[in-house]
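Listing of work-v3.txt, compact mmCIF, C-alpha atoms
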```txt
# COMPACT_ATOMS: atom_id res chain seq x y z
CA MET M 1 -84.03 0.72 -25.60
CA ALA M 2 -86.31 -2.02 -24.44
CA GLU M 3 -83.29 -4.26 -23.71
CA ALA M 4 -81.56 -1.61 -21.60
CA CYS M 5 -84.45 -1.44 -19.19
CA GLN M 6 -84.50 -5.15 -18.52
CA ILE M 7 -83.28 -5.03 -14.86
CA VAL M 8 -84.56 -7.18 -12.10
CA ARG M 9 -87.04 -5.24 -10.02
CA LYS M 10 -87.38 -6.05 -6.39
CA GLN M 11 -90.84 -5.64 -4.96
CA ASP M 12 -91.18 -4.22 -1.47
CA LEU M 13 -92.61 -7.07 0.51
CA PRO M 14 -92.91 -8.07 4.20
CA PRO M 15 -89.81 -9.73 5.61
CA PRO M 16 -89.78 -13.46 5.44
CA GLY M 17 -91.97 -14.79 8.22
CA GLY M 18 -94.06 -11.65 8.29
CA TYR M 19 -93.86 -8.40 10.30
CA LYS M 20 -93.21 -8.48 14.02
CA PRO M 21 -96.26 -7.88 16.17
CA ILE M 22 -96.83 -4.22 17.07
CA PRO M 23 -96.07 -3.62 20.80
CA PHE M 24 -99.27 -1.94 21.83
CA LYS M 25 -99.31 -3.25 25.42
CA ARG M 26 -99.01 -0.41 28.05
CA ILE M 27 -96.01 -0.71 30.31
CA PRO M 28 -96.56 1.69 33.26
CA ALA M 29 -93.64 3.17 35.22
CA LYS M 30 -92.69 1.27 38.33
CA SER M 31 -94.72 2.66 41.26
CA TYR M 32 -93.08 2.51 44.64
CA PHE M 33 -96.02 3.70 46.69
CA SER M 34 -99.72 3.48 46.25
CA GLY M 35 -101.89 6.61 46.31
CA PHE M 36 -103.07 5.98 49.84
CA THR M 37 -99.49 5.59 51.02
CA TRP M 38 -98.65 8.95 49.44
CA ILE M 39 -101.55 10.64 51.21
CA ALA M 40 -100.70 8.98 54.49
CA GLY M 41 -97.08 10.04 54.08
CA TYR M 42 -98.09 13.60 53.35
CA ILE M 43 -100.31 13.77 56.42
CA GLY M 44 -97.68 12.13 58.59
CA MET M 45 -94.88 14.40 57.44
CA THR M 46 -97.05 17.49 57.88
CA THR M 47 -97.99 16.43 61.39
CA VAL M 48 -94.39 15.83 62.37
CA SER M 49 -93.22 19.12 60.91
CA ALA M 50 -96.11 21.00 62.53
CA TYR M 51 -95.01 19.55 65.85
CA LEU M 52 -91.42 20.59 65.22
CA TYR M 53 -92.64 24.05 64.26
CA TYR M 54 -94.58 24.23 67.51
CA LEU M 55 -91.49 23.30 69.50
CA ASN M 56 -89.46 25.91 67.68
CA CYS M 57 -92.16 28.49 68.18
CA LYS M 58 -92.15 27.86 71.90
CA GLN M 59 -88.40 28.25 72.00
CA VAL M 60 -88.49 31.52 70.07
CA THR M 61 -91.30 32.91 72.25
CA LYS M 62 -89.34 32.02 75.35
CA ALA M 63 -86.22 33.72 74.00
CA ASN M 64 -88.27 36.81 73.12
CA ILE M 65 -89.81 37.02 76.57
CA GLU M 66 -86.41 36.69 78.19
CA MET M 67 -85.01 39.38 75.92
CA ARG M 68 -87.91 41.68 76.72
CA SER M 69 -87.43 41.04 80.44
CA ALA M 70 -83.80 42.02 80.22
CA LYS M 71 -84.66 45.17 78.31
CA MET M 72 -87.41 46.13 80.73
CA ALA M 73 -85.05 45.61 83.65
CA ILE M 74 -82.55 48.15 82.34
CA TYR M 75 -85.14 50.49 80.86
CA PRO M 76 -85.59 52.76 83.95
CA MET M 77 -81.86 53.36 84.11
CA LEU M 78 -81.66 54.18 80.40
CA LEU M 79 -84.72 56.40 80.62
CA ALA M 80 -83.35 58.33 83.59
CA GLU M 81 -80.11 58.98 81.75
CA ARG M 82 -81.95 59.93 78.57
CA ASP M 83 -84.26 62.33 80.43
CA ARG M 84 -81.37 64.21 81.97
CA GLU M 85 -79.58 64.54 78.66
CA TYR M 86 -82.83 65.52 76.95
CA MET M 87 -83.48 68.37 79.37
CA LYS M 88 -79.91 69.56 79.02
CA GLN M 89 -80.32 69.59 75.26
CA LEU M 90 -83.61 71.51 75.49
CA ARG M 91 -81.84 74.22 77.44
CA ARG M 92 -79.01 74.29 74.92
CA ASN M 93 -81.53 74.59 72.09
CA ARG M 94 -83.33 77.44 73.77
CA ASP M 95 -80.06 79.26 74.39
CA ALA M 96 -79.04 78.69 70.78
CA GLU M 97 -82.30 80.11 69.54
CA ALA M 98 -81.94 83.17 71.75
CA GLU M 99 -78.42 83.69 70.44
CA LEU M 100 -79.49 83.20 66.81
CA MET M 101 -82.48 85.58 66.96
CA ARG M 102 -80.76 88.16 69.14
CA ASP M 103 -80.84 90.90 66.49
CA VAL M 104 -84.43 90.36 65.41
CA PRO M 105 -86.61 92.97 67.12
CA GLY M 106 -89.74 91.63 68.78
CA TRP M 107 -88.65 88.01 68.68
CA GLU M 108 -89.38 85.95 71.76
CA VAL M 109 -87.84 82.54 72.21
CA GLY M 110 -90.27 79.68 71.70
CA THR M 111 -92.94 81.91 70.13
CA TYR M 112 -93.64 83.58 66.83
CA TYR M 113 -93.07 87.25 67.68
CA GLY M 114 -94.75 86.71 71.02
CA GLU M 115 -97.52 84.44 69.74
CA ARG M 116 -97.42 81.11 71.49
CA VAL M 117 -97.70 77.89 69.51
CA TYR M 118 -99.78 76.03 72.07
CA LYS M 119 -102.29 78.40 73.60
CA LEU M 120 -104.42 76.01 75.62
CA VAL M 121 -101.71 74.49 77.78
CA PRO M 122 -100.41 76.32 80.86
CA PRO M 123 -97.32 78.44 80.08
CA ASP M 124 -95.07 76.22 82.19
CA ALA M 125 -96.10 73.00 80.41
CA LEU M 126 -93.28 71.16 78.68
CA VAL M 127 -94.43 70.40 75.15
CA GLU M 128 -91.86 68.04 73.68
CA PRO M 129 -90.61 69.48 70.39
CA ILE M 130 -90.83 67.42 67.24
CA PHE M 131 -87.75 65.80 65.79
CA HIS M 132 -86.85 68.47 63.23
CA GLU M 133 -87.28 71.23 65.77
CA PHE M 134 -85.16 69.39 68.27
CA TYR M 135 -82.34 69.07 65.76
CA ALA M 136 -82.82 72.54 64.25
CA HIS M 137 -79.61 74.02 65.70
CA SER M 138 -77.48 70.91 65.41
CA ASP M 139 -74.93 69.87 62.86
CA PRO M 140 -76.64 68.40 59.75
CA SER M 141 -74.47 65.32 60.01
CA ASP M 142 -75.89 64.64 63.48
CA TRP M 143 -79.35 65.02 62.07
CA VAL M 144 -78.56 62.52 59.30
CA LYS M 145 -77.06 60.13 61.82
CA ARG M 146 -80.23 60.19 63.85
CA THR M 147 -82.65 59.91 60.90
CA GLU M 148 -80.75 57.02 59.40
CA LEU M 149 -80.23 55.25 62.69
CA LYS M 150 -82.44 52.37 61.59
CA LEU M 151 -80.47 51.93 58.40
CA ARG M 152 -77.19 52.00 60.23
CA SER M 153 -78.04 49.71 63.11
CA MET G 154 -88.94 75.72 69.17
CA THR G 155 -91.94 75.41 71.45
CA ILE G 156 -89.92 75.85 74.64
CA THR G 157 -90.52 79.41 75.77
CA ASN G 158 -88.75 81.35 78.50
CA ASP G 159 -91.66 80.57 80.84
CA VAL G 160 -90.85 76.87 80.80
CA VAL G 161 -88.71 76.08 83.79
CA LEU G 162 -85.88 73.82 82.72
CA PRO G 163 -83.44 72.54 85.34
CA GLU G 164 -79.91 73.89 85.29
CA GLU G 165 -77.17 71.81 83.75
CA SER G 166 -75.50 71.42 87.13
CA GLU G 167 -78.68 69.95 88.62
CA LEU G 168 -78.74 67.31 85.95
CA THR G 169 -75.10 66.33 85.96
CA VAL G 170 -74.43 63.15 87.88
CA GLN G 171 -72.09 60.27 87.23
CA GLU G 172 -73.59 58.22 84.41
CA ILE G 173 -73.23 54.53 83.79
CA ASN G 174 -70.49 54.13 81.25
CA LEU G 175 -71.14 50.53 80.22
CA SER G 176 -71.73 48.78 76.93
CA THR G 177 -74.95 47.04 75.91
CA PRO G 178 -73.78 43.43 76.41
CA THR G 179 -72.55 44.34 79.87
CA LEU G 180 -75.89 45.88 80.77
CA HIS G 181 -77.68 42.87 79.29
CA ALA G 182 -75.57 40.49 81.31
CA GLY G 183 -76.38 42.28 84.54
CA ALA G 184 -79.97 43.17 83.65
CA PHE G 185 -81.83 40.55 85.67
CA HIS G 186 -79.89 40.99 88.88
CA LEU G 187 -79.88 44.75 88.42
CA GLY G 188 -83.65 44.82 88.01
CA LYS G 189 -84.06 42.79 91.17
CA TYR G 190 -81.51 44.79 93.15
CA CYS G 191 -82.97 48.19 92.20
CA GLU G 192 -86.59 47.11 91.94
CA GLU G 193 -87.91 49.62 94.45
CA VAL G 194 -86.27 52.73 92.99
CA ASN G 195 -86.93 51.60 89.45
CA ASN G 196 -90.63 51.15 90.13
CA GLU G 197 -90.76 54.49 91.90
CA PHE G 198 -89.13 56.23 88.94
CA MET G 199 -91.24 54.54 86.30
CA LEU G 200 -94.45 55.23 88.20
CA CYS G 201 -93.50 58.88 88.57
CA ARG G 202 -92.51 59.12 84.94
CA PHE G 203 -95.71 57.55 83.65
CA GLU G 204 -98.01 59.35 86.07
CA GLU G 205 -96.56 62.80 85.68
CA LYS G 206 -95.65 62.46 81.98
CA ASP G 207 -93.02 65.12 82.53
CA PRO G 208 -89.29 64.44 82.85
CA ARG G 209 -88.80 67.58 84.93
CA LYS G 210 -90.77 66.20 87.84
CA CYS G 211 -88.87 62.96 88.20
CA ILE G 212 -85.26 64.16 88.29
CA ASN G 213 -84.56 63.03 91.82
CA GLU G 214 -86.13 59.63 91.24
CA GLY G 215 -84.01 59.28 88.11
CA LYS G 216 -80.87 60.18 90.02
CA ALA G 217 -81.75 57.53 92.58
CA VAL G 218 -82.07 54.97 89.78
CA THR G 219 -78.67 55.86 88.38
CA ALA G 220 -77.08 55.83 91.82
CA CYS G 221 -78.57 52.42 92.56
CA THR G 222 -77.36 51.04 89.24
CA LEU G 223 -73.88 52.37 89.88
CA GLU G 224 -73.88 50.81 93.34
CA PHE G 225 -74.97 47.48 91.90
CA PHE G 226 -72.27 47.39 89.26
CA ARG G 227 -69.64 48.46 91.79
CA LYS G 228 -70.65 45.55 93.98
CA VAL G 229 -70.48 43.18 91.03
CA LYS G 230 -67.05 44.52 90.17
CA LYS G 231 -65.88 43.95 93.70
CA THR G 232 -67.15 40.38 94.01
CA CYS G 233 -67.87 38.60 90.71
CA LEU G 234 -65.89 40.49 88.12
CA ALA G 235 -64.35 37.48 86.37
CA GLU G 236 -67.62 35.55 86.15
CA PHE G 237 -69.50 38.63 85.05
CA ASN G 238 -66.99 39.48 82.35
CA GLN G 239 -67.07 35.92 81.09
CA TYR G 240 -70.86 36.02 80.86
CA ALA G 241 -70.95 39.44 79.18
CA HIS G 242 -68.31 38.33 76.72
CA CYS G 243 -70.38 35.24 75.87
CA ILE G 244 -73.50 37.34 75.32
CA ASP G 245 -71.56 39.73 73.14
CA LYS G 246 -70.00 37.09 70.93
CA SER G 247 -72.70 34.41 70.70
CA SER G 248 -75.37 36.11 68.62
CA GLY G 249 -76.19 39.27 66.76
CA ASP G 250 -78.97 40.38 69.04
CA MET G 251 -77.23 39.57 72.33
CA GLY G 252 -79.62 36.74 73.07
CA LEU G 253 -79.33 35.21 76.51
CA GLN G 254 -80.30 31.67 75.48
CA HIS G 255 -76.86 30.83 74.13
CA CYS G 256 -75.01 31.41 77.38
CA ARG G 257 -76.59 29.15 79.99
CA LYS G 258 -73.33 27.71 81.28
CA THR G 259 -71.60 31.03 81.92
CA GLN G 260 -74.90 32.37 83.27
CA GLY G 261 -75.02 29.52 85.79
CA VAL G 262 -71.50 30.34 86.98
CA PHE G 263 -72.37 34.04 87.31
CA ASP G 264 -75.67 33.32 89.09
CA GLN G 265 -73.93 31.03 91.56
CA CYS G 266 -71.37 33.71 92.33
CA MET G 267 -74.04 36.38 92.80
CA LEU G 268 -76.03 34.11 95.08
CA GLU G 269 -73.00 33.28 97.20
CA ASN G 270 -71.50 36.75 97.47
CA LEU G 271 -74.35 39.23 97.20
CA ASN G 272 -77.19 36.90 98.19
CA LEU G 273 -78.99 37.97 95.05
CA GLU G 274 -81.01 35.33 93.27
CA ARG G 275 -81.83 35.50 89.60
CA PRO G 276 -85.53 36.40 89.32
CA PRO G 277 -87.74 33.71 87.78
CA PHE G 278 -88.50 33.56 84.07
CA GLY G 279 -90.70 36.41 82.88
CA TYR G 280 -90.46 38.27 86.17
CA PHE G 281 -89.97 41.67 84.58
CA THR G 282 -92.76 41.23 82.05
CA GLU G 283 -95.33 40.80 84.80
CA VAL G 284 -97.53 43.61 86.04
CA ARG G 285 -96.09 45.15 89.16
CA VAL G 286 -97.92 46.93 91.92
CA HIS G 287 -95.91 49.61 93.67
CA ALA G 288 -96.79 51.41 96.88
CA THR G 289 -95.49 54.96 96.93
CA THR G 290 -95.62 57.94 99.24
CA ARG G 291 -95.63 60.41 96.36
CA PRO G 292 -99.06 62.00 95.97
CA LYS G 293 -100.99 61.06 92.89
CA PRO G 294 -101.28 63.87 90.33
CA SER G 295 -104.80 65.21 90.09
CA ILE G 296 -106.72 64.11 87.04
CA GLU G 297 -108.44 66.82 85.12
CA GLY G 298 -112.21 66.27 85.34
CA LYS G 299 -114.77 66.61 82.61
CA ALA G 300 -115.34 70.14 81.36
CA VAL G 301 -118.61 71.73 82.53
CA TYR G 302 -120.24 74.14 80.09
CA SER G 303 -122.79 76.78 81.00
CA ASP G 304 -124.91 76.41 77.86
CA VAL G 305 -125.62 72.70 78.20
CA THR G 306 -129.01 71.49 76.93
CA PRO G 307 -131.05 70.70 80.06
CA ALA G 308 -131.80 67.03 80.53
CA LEU G 309 -135.37 65.65 80.77
CA PRO G 310 -136.77 65.71 84.28
CA GLU G 311 -136.72 62.42 86.20
CA ASN G 312 -140.46 61.86 86.03
CA ALA G 313 -141.01 62.99 82.42
CA GLU G 314 -143.59 61.04 80.49
CA LYS G 315 -141.90 58.71 77.98
CA LYS G 316 -144.42 57.67 75.32
CA PRO G 317 -143.70 54.77 72.99
CA ALA G 318 -142.36 55.73 69.57
CA ARG G 319 -145.10 56.76 67.16
CA PHE G 320 -143.79 54.94 64.09
CA GLY G 321 -141.94 52.12 65.80
CA SER G 322 -138.26 51.53 65.49
CA ARG G 323 -136.20 52.06 62.37
CA PHE G 324 -134.29 48.90 63.26
CA TYR G 325 -137.38 46.86 64.00
CA TRP G 326 -135.72 43.58 63.01
CA MET G 327 -133.02 44.15 65.59
CA THR G 328 -134.87 45.73 68.46
CA GLU G 329 -138.20 43.99 68.45
```

Just give me the structure as C-alpha cells.
Amino acid sequence: MAEACQIVRKQDLPPPGGYKPIPFKRIPAKSYFSGFTWIAGYIGMTTVSAYLYYLNCKQVTKANIEMRSAKMAIYPMLLAERDREYMKQLRRNRDAEAELMRDVPGWEVGTYYGERVYKLVPPDALVEPIFHEFYAHSDPSDWVKRTELKLRS
Amino acid sequence: MTITNDVVLPEESELTVQEINLSTPTLHAGAFHLGKYCEEVNNEFMLCRFEEKDPRKCINEGKAVTACTLEFFRKVKKTCLAEFNQYAHCIDKSSGDMGLQHCRKTQGVFDQCMLENLNLERPPFGYFTEVRVHATTRPKPSIEGKAVYSDVTPALPENAEKKPARFGSRFYWMTE
C-alpha cells in the first residue's frame, strides 16, 4: 500500500521569477473638460437658450396680438348677427312655451303660475336665460352639439 | 323661461336683414381693412351694446354694422377679388389657427391692391387692441344712483367733540 502512494507531489509555488506586481495605480477616465469649463459651458448655453427663448416669446406675443386685433375687428359684425339671431330665438322659445303649456290652466309664459322669477327688475327688462333654459325646447342633439362644442372644435 | 309676455321682443321681420355669408378665413383675411373701413359704425354699435347692456336697444346700430360689412366685402369683390382670395386661401391652409404671420407675401399683394383701388391702408400693428374714444350723439343711459333709505343712522354733527380713545388703539404697533 505504501508503494502505491509513492507519486510525485507538486507543491503550489509562485511562478518562476515571482508574482507580477499588483496593479494598484489608479487610472482615471480621460477628462475632456475641466470642472470650470463645464460650469462655463452650462452658463453660456443657458444664456444663449434664454436669449432664443426671449426672441421666440416676442414672436409669439406679436402673433397673438395680431390675432386678437383681427378678432376684435370682426367682433362687432359677429355680435350684431348673433344678437339678431338670439332675439329671434327668444321669441321662438316663448312661443314654444306658450304652445306647450296651452292646456295648463293658470300658466303664464315666463312665470310660475303668474309668479315672476325676477321680482326686483322692471317687467320689461330682458333677463338673459341660462343655457339649459335657452335650449329647453330644442332638439337634444342640438343641445349636445352646443355643450360639446369645445370637444368638437 | 324668464322671458314673460311683458318683455318686448322685436318681430322676426324687424330682425331679418341680409347676413354675411362668409367663412372664418375669409373674414380673417379682410378683418384689418374691414375694421378700418367700418370703424365709425363698429364703435357706435359696440358703445351702444356695452352701455345699454341690452341687445334690443342696439338693433339699428347692428344693422348698420352688417350693412357696412356687406358694402366693404362687395367693394373688395369688385376690385381685389383675386388677391383677396389668394390671401384668404393662404390663411386657411397655412396653420391650424388661421394665423396671419405665415402669409406676409400674399398679404403684401392684397394690401397693395387695397391701397391702390380703395385707398384703404392697412392699420398699424396693434391698432384694434388700443383703447378707442368714440364721440356719439346717442344720449348716455342714466346710471342708477345709490339707494337712499329712510331709517339711516344719523351721522355725527360737524362740530361734535371727538375725544381721544380711552384705552388707546388695538393696533398700537401699527397706528402709533

Neighbours of chain G in chain M at 8 Å, counting only C-alpha atoms, as an MDAnalysis selection string: chainID M and resid 63 65:74 76:77 80:81 83:85 87:88 90:91 94 97 108:111 116:118 123:129 133:134

Using only C-alpha atoms, please write the residues we just selected to a file, as a CSV table (one decimal), in the frame of the given file.
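Generated file (out_15.csv):
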```
chain,number,residue,atom,x,y,z
M,63,ALA,CA,-86.2,33.7,74.0
M,65,ILE,CA,-89.8,37.0,76.6
M,66,GLU,CA,-86.4,36.7,78.2
M,67,MET,CA,-85.0,39.4,75.9
M,68,ARG,CA,-87.9,41.7,76.7
M,69,SER,CA,-87.4,41.0,80.4
M,70,ALA,CA,-83.8,42.0,80.2
M,71,LYS,CA,-84.7,45.2,78.3
M,72,MET,CA,-87.4,46.1,80.7
M,73,ALA,CA,-85.0,45.6,83.6
M,74,ILE,CA,-82.6,48.2,82.3
M,76,PRO,CA,-85.6,52.8,84.0
M,77,MET,CA,-81.9,53.4,84.1
M,80,ALA,CA,-83.4,58.3,83.6
M,81,GLU,CA,-80.1,59.0,81.8
M,83,ASP,CA,-84.3,62.3,80.4
M,84,ARG,CA,-81.4,64.2,82.0
M,85,GLU,CA,-79.6,64.5,78.7
M,87,MET,CA,-83.5,68.4,79.4
M,88,LYS,CA,-79.9,69.6,79.0
M,90,LEU,CA,-83.6,71.5,75.5
M,91,ARG,CA,-81.8,74.2,77.4
M,94,ARG,CA,-83.3,77.4,73.8
M,97,GLU,CA,-82.3,80.1,69.5
M,108,GLU,CA,-89.4,86.0,71.8
M,109,VAL,CA,-87.8,82.5,72.2
M,110,GLY,CA,-90.3,79.7,71.7
M,111,THR,CA,-92.9,81.9,70.1
M,116,ARG,CA,-97.4,81.1,71.5
M,117,VAL,CA,-97.7,77.9,69.5
M,118,TYR,CA,-99.8,76.0,72.1
M,123,PRO,CA,-97.3,78.4,80.1
M,124,ASP,CA,-95.1,76.2,82.2
M,125,ALA,CA,-96.1,73.0,80.4
M,126,LEU,CA,-93.3,71.2,78.7
M,127,VAL,CA,-94.4,70.4,75.2
M,128,GLU,CA,-91.9,68.0,73.7
M,129,PRO,CA,-90.6,69.5,70.4
M,133,GLU,CA,-87.3,71.2,65.8
M,134,PHE,CA,-85.2,69.4,68.3
```

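Across the structure, atom CA of His242 of chain G and atom CA of Cys256 of chain G are spaced 9.7 Å apart.
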
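Here atom CA of Gly261 of chain G is placed at a distance of 28.4 Å from atom CA of Tyr53 of chain M.
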
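Checking G:Phe320, G:Trp326, G:Tyr302, G:Tyr190 one by one against Phe226 of chain G, counting all atoms listed in the file, you find the shortest gap at G:Tyr190.
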
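The nearest approach to Cys266 of chain G among the residues G:Val229, G:Ala313, G:Leu175, G:Val305, with all atoms listed in the file taken into account, belongs to G:Val229.
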
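Picture a line from atom CA of Asp139 of chain M to atom CA of Leu151 of chain M; it runs 19.3 Å.
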
I'd like the box whose edges run along x, y and z of the file and which contains every listed atom of segment 73-85 of chain M, padded by 3 Å per side; could you state its centre and edge lengths in Å, one decimal, as lines of an AutoDock Vina configuration file?
```
center_x = -82.6
center_y = 55.1
center_z = 81.3
size_x = 12.0
size_y = 24.9
size_z = 11.5
```

I need segment 277-287 of chain G from the structure I supplied, saved as a CSV table (one decimal), in the first residue's frame with all heavy atoms retained.
```
chain,number,residue,atom,x,y,z
G,277,PRO,N,-52.0,100.2,-38.6
G,277,PRO,CA,-50.7,99.7,-38.0
G,277,PRO,C,-50.9,98.6,-37.0
G,277,PRO,O,-52.0,98.3,-36.5
G,277,PRO,CB,-50.2,101.0,-37.3
G,277,PRO,CG,-51.3,101.8,-37.1
G,277,PRO,CD,-52.3,101.6,-38.2
G,278,PHE,N,-49.8,98.0,-36.6
G,278,PHE,CA,-49.8,96.8,-35.7
G,278,PHE,C,-50.5,97.1,-34.4
G,278,PHE,O,-50.1,98.1,-33.8
G,278,PHE,CB,-48.4,96.3,-35.5
G,278,PHE,CG,-48.3,95.2,-34.6
G,278,PHE,CD1,-48.6,93.9,-35.0
G,278,PHE,CD2,-47.9,95.4,-33.3
G,278,PHE,CE1,-48.5,92.8,-34.1
G,278,PHE,CE2,-47.8,94.3,-32.4
G,278,PHE,CZ,-48.1,93.1,-32.8
G,279,GLY,N,-51.4,96.3,-34.0
G,279,GLY,CA,-52.0,96.5,-32.7
G,279,GLY,C,-53.0,97.6,-32.6
G,279,GLY,O,-53.5,98.0,-31.6
G,280,TYR,N,-53.5,98.1,-33.8
G,280,TYR,CA,-54.4,99.2,-33.9
G,280,TYR,C,-55.7,98.9,-33.2
G,280,TYR,O,-56.3,99.7,-32.5
G,280,TYR,CB,-54.6,99.5,-35.3
G,280,TYR,CG,-55.6,100.7,-35.6
G,280,TYR,CD1,-55.1,102.0,-35.3
G,280,TYR,CD2,-56.9,100.5,-36.0
G,280,TYR,CE1,-56.0,103.0,-35.5
G,280,TYR,CE2,-57.7,101.5,-36.2
G,280,TYR,CZ,-57.3,102.8,-36.0
G,280,TYR,OH,-58.1,103.9,-36.2
G,281,PHE,N,-56.2,97.6,-33.4
G,281,PHE,CA,-57.5,97.3,-32.8
G,281,PHE,C,-57.5,96.9,-31.4
G,281,PHE,O,-58.5,96.6,-30.8
G,281,PHE,CB,-58.2,96.2,-33.7
G,281,PHE,CG,-58.5,96.7,-35.1
G,281,PHE,CD1,-57.7,96.3,-36.1
G,281,PHE,CD2,-59.5,97.6,-35.3
G,281,PHE,CE1,-58.0,96.8,-37.4
G,281,PHE,CE2,-59.8,98.1,-36.5
G,281,PHE,CZ,-59.0,97.7,-37.6
G,282,THR,N,-56.2,96.7,-30.8
G,282,THR,CA,-56.2,96.4,-29.4
G,282,THR,C,-56.0,97.6,-28.6
G,282,THR,O,-56.0,97.5,-27.3
G,282,THR,CB,-55.0,95.5,-29.1
G,282,THR,OG1,-53.8,96.0,-29.7
G,282,THR,CG2,-55.2,94.1,-29.7
G,283,GLU,N,-55.9,98.8,-29.2
G,283,GLU,CA,-55.8,100.0,-28.4
G,283,GLU,C,-57.2,100.5,-27.9
G,283,GLU,O,-58.2,100.1,-28.5
G,283,GLU,CB,-55.2,101.1,-29.3
G,283,GLU,CG,-53.7,100.9,-29.6
G,283,GLU,CD,-53.2,101.8,-30.7
G,283,GLU,OE1,-54.0,102.6,-31.2
G,283,GLU,OE2,-52.0,101.6,-31.0
G,284,VAL,N,-57.1,101.3,-26.9
G,284,VAL,CA,-58.3,101.9,-26.4
G,284,VAL,C,-58.8,103.0,-27.4
G,284,VAL,O,-58.0,103.7,-27.9
G,284,VAL,CB,-58.1,102.5,-25.0
G,284,VAL,CG1,-59.3,103.2,-24.5
G,284,VAL,CG2,-57.6,101.5,-24.0
G,285,ARG,N,-60.1,102.9,-27.7
G,285,ARG,CA,-60.6,103.9,-28.7
G,285,ARG,C,-61.6,104.8,-28.0
G,285,ARG,O,-62.4,104.4,-27.1
G,285,ARG,CB,-61.3,103.2,-29.8
G,285,ARG,CG,-60.4,102.9,-30.9
G,285,ARG,CD,-60.8,101.7,-31.7
G,285,ARG,NE,-60.6,100.4,-31.0
G,285,ARG,CZ,-61.0,99.3,-31.4
G,285,ARG,NH1,-61.7,99.2,-32.5
G,285,ARG,NH2,-60.7,98.2,-30.7
G,286,VAL,N,-61.6,106.1,-28.4
G,286,VAL,CA,-62.5,107.0,-27.8
G,286,VAL,C,-63.5,107.4,-29.0
G,286,VAL,O,-63.1,107.6,-30.1
G,286,VAL,CB,-61.8,108.3,-27.4
G,286,VAL,CG1,-62.8,109.3,-26.9
G,286,VAL,CG2,-60.8,108.0,-26.3
G,287,HIS,N,-64.7,107.3,-28.7
G,287,HIS,CA,-65.7,107.5,-29.7
G,287,HIS,C,-66.7,108.6,-29.3
G,287,HIS,O,-67.3,108.5,-28.2
G,287,HIS,CB,-66.5,106.1,-30.0
G,287,HIS,CG,-67.5,106.2,-31.0
G,287,HIS,ND1,-67.2,106.5,-32.3
G,287,HIS,CD2,-68.9,106.1,-30.9
G,287,HIS,CE1,-68.4,106.5,-33.0
G,287,HIS,NE2,-69.4,106.3,-32.2
```
